[in-house]
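Structure first, commentary second.
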Amino acid sequence: MPELPEVETIARGVDERVRGRRIVSVWTGSKPEPFKSAPEKIVEALTGSVIQKVHRVGKHVVIDLTRAAGAEGWQGQWLVHLGMTGRLLVSHPDVAVPLHTHAIAQLDDGREIRFVDPRRFGRLQVLDLSPSRASKKRDGELEEPKRFTGTGQEPLAISPEAFRELFRSRRTPIKSALLNQSLLHGVGNIYADESLYRAGIRPRRHAARLTVRELGALWSALQSVLTEAIALGGSSVSDYVGADGAKGFFQLEHKVYMRTGQPCARCGTPIRRLVLGGRSTHYCPKCQR
DNA sequence: AGGTTGACCTGGACGC
DNA sequence: TGCGTCCAGGTCAACC
């Protein structure tokens, strides 16, 4: 489910519910779980930590943690990538634990943060940001461990000029470039298709061949599509979205995504589907040039 | 190096 | 009812 607007919705929902709470214990499944950090490391980092803030970076939910251990204290970040089917739920302990739950963090008020992911494409990771972990650079300066800044540029923070620069030299279809998380992070299949439709650009056009004007239109389209989707709580395509199980409503605004054969809202031409970079891609052959 | 493809998983929808 | 096939919002590693 989760692209930028869905992850933003989830992060806000979780933040509202757990900010300031202390994690008292952590359970992880026994099988090889979809973790990027070793399970013991995750348990060690989370146990006893206080949740300062939950926010989004790209498609990652980032949970800022601190712990008063020793004189200087400890700080770190818990990164959650939801893959395609991941959920981050805040539940009361008497609510049945769903199938495919891979980790549970129990809070000091008894509630639990549960990481559930049937398809196991999601990933959990912890970063140790303690000043004591600073490493010496070549010139002898101390280098602070870095907070997570994601894999690319933030779509809702990038300027139109920087956006243009990002795609200028890419010899790949613009749709594929939009999905490349090392350029922009956070855009996935739904919002790539929807923003290209809104900008009137064919997904197969090569990024490097787009005009300044077209890239400007794409930047604007992306801003409006993502902003509107966040306002509607994201898109619930097959399963749910928010931390409380509430669905989003942006799927009602989809103009091309999963609408193959249906008439274009603007011109009535049937929406077409093609496969680009292994991903299904939807567009209006008349409105998108 | 940049670009493309297939593998990784499970479950739901659909056809026979 | 049941089985097989195809498809799904995302990354990665491995290839060209």
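Starting from 1 in every chain, residues are counted up; chains themselves are A, B, ... following the order of the structure tokens, and ligands are numbered from 1 as listed.
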
Q: Excluding region 7-11 of chain C and residues on its chain fewer than 5 positions from it, collect all residues at most 7 Å away from it, counting only C-alpha atoms (C1' of nucleotides), and give them as a PyMOL selection string.
A: chain A and resi 1-3+83-84+189-190

Writing out the chosen residues with N, CA, C and O atoms as a CSV table (one decimal), in the first residue's frame:
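Written file, out32.csv:
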chain,number,residue,atom,x,y,z
A,1,MET,N,0.8,-1.2,0.0
A,1,MET,CA,0.0,0.0,0.0
A,1,MET,C,0.8,1.3,0.0
A,1,MET,O,0.4,2.3,-0.5
A,2,PRO,N,2.0,1.3,0.6
A,2,PRO,CA,2.4,2.6,1.1
A,2,PRO,C,3.4,3.3,0.2
A,2,PRO,O,4.5,2.9,0.0
A,3,GLU,N,2.9,4.5,-0.3
A,3,GLU,CA,3.8,5.4,-0.9
A,3,GLU,C,3.8,6.7,0.0
A,3,GLU,O,3.3,6.6,1.1
A,83,GLY,N,7.3,-1.8,2.8
A,83,GLY,CA,7.3,-2.6,1.6
A,83,GLY,C,6.0,-2.4,0.9
A,83,GLY,O,5.5,-1.3,0.7
A,84,MET,N,5.3,-3.5,0.5
A,84,MET,CA,4.1,-3.4,-0.2
A,84,MET,C,2.9,-3.6,0.7
A,84,MET,O,1.8,-3.1,0.4
A,189,ASN,N,4.2,3.6,-7.6
A,189,ASN,CA,3.5,3.4,-8.9
A,189,ASN,C,2.2,4.2,-9.0
A,189,ASN,O,2.0,4.8,-10.1
A,190,ILE,N,1.4,4.4,-8.0
A,190,ILE,CA,0.2,5.1,-8.1
A,190,ILE,C,0.5,6.6,-8.4
A,190,ILE,O,-0.1,7.1,-9.4

Residues of chain A that approach chain B to 12 Å or less, counting only C-alpha atoms (C1' of nucleotides): could you list each one with the shortest pair of atoms and its distance in Å to one decimal, rows by chain and increasing residue number, as a tab-separated table?
residue	atom	partner	partner_atom	distance
A:Glu33	CA	B:DC9	C1'	11.9
A:Pro34	CA	B:DC9	C1'	10.5
A:Gly83	CA	B:DC9	C1'	11.0
A:Met84	CA	B:DC9	C1'	10.5
A:Thr85	CA	B:DT10	C1'	9.6
A:Gly86	CA	B:DT10	C1'	11.9
A:Leu99	CA	B:DT10	C1'	11.4
A:His100	CA	B:DT10	C1'	9.8
A:Asp117	CA	B:DT10	C1'	9.4
A:Pro118	CA	B:DT10	C1'	5.9
A:Arg119	CA	B:DC9	C1'	4.7
A:Arg120	CA	B:DC9	C1'	6.0
A:Phe121	CA	B:DC9	C1'	7.2
A:Gly122	CA	B:DC9	C1'	10.6
A:Ser169	CA	B:DG2	C1'	10.4
A:Arg170	CA	B:DG2	C1'	8.4
A:Arg171	CA	B:DG3	C1'	8.1
A:Thr172	CA	B:DG3	C1'	7.2
A:Pro173	CA	B:DG3	C1'	10.2
A:Ser176	CA	B:DG3	C1'	9.9
A:Ala177	CA	B:DG3	C1'	10.3
A:Asn180	CA	B:DG3	C1'	11.1
A:Ser238	CA	B:DG12	C1'	9.4
A:Asp239	CA	B:DG12	C1'	10.9
A:Leu276	CA	B:DT4	C1'	10.1
A:Gly277	CA	B:DT4	C1'	7.0
A:Gly278	CA	B:DT5	C1'	7.9
A:Arg279	CA	B:DT5	C1'	11.4

(Q) Can you tell me, as number ranges by chain, which residues in region 59-234 of chain A count as alpha helix (DSSP H) by DSSP? (A) A: 160-167, 174-179, 189-199, 212-231

Q) What does the distance from CA of Ala105 (chain A) to CA of Leu124 (chain A) come to in Å, to one decimal? A)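 For CA of Ala105 (chain A) relative to CA of Leu124 (chain A), the distance reads 12.3 Å.
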
Q. Interatomic distance between CA of Pro131 (chain A) and CA of Trp74 (chain A)?
A. 8.0 Å

Q.
Can you pull out the residues contacting Ala11 (chain A)? Cut-off 7 Å, using only C-alpha atoms (C1' of nucleotides), and skip same-chain residues under 6 positions away; I want them as a PyMOL selection string.
A. chain A and resi 54-56+61

**Q.** Pick from A:Tyr283, A:Tyr191, A:Phe115, A:Phe163, whichever lies nearest to chain C using only C-alpha atoms (C1' of nucleotides)
**A.** A:Tyr191
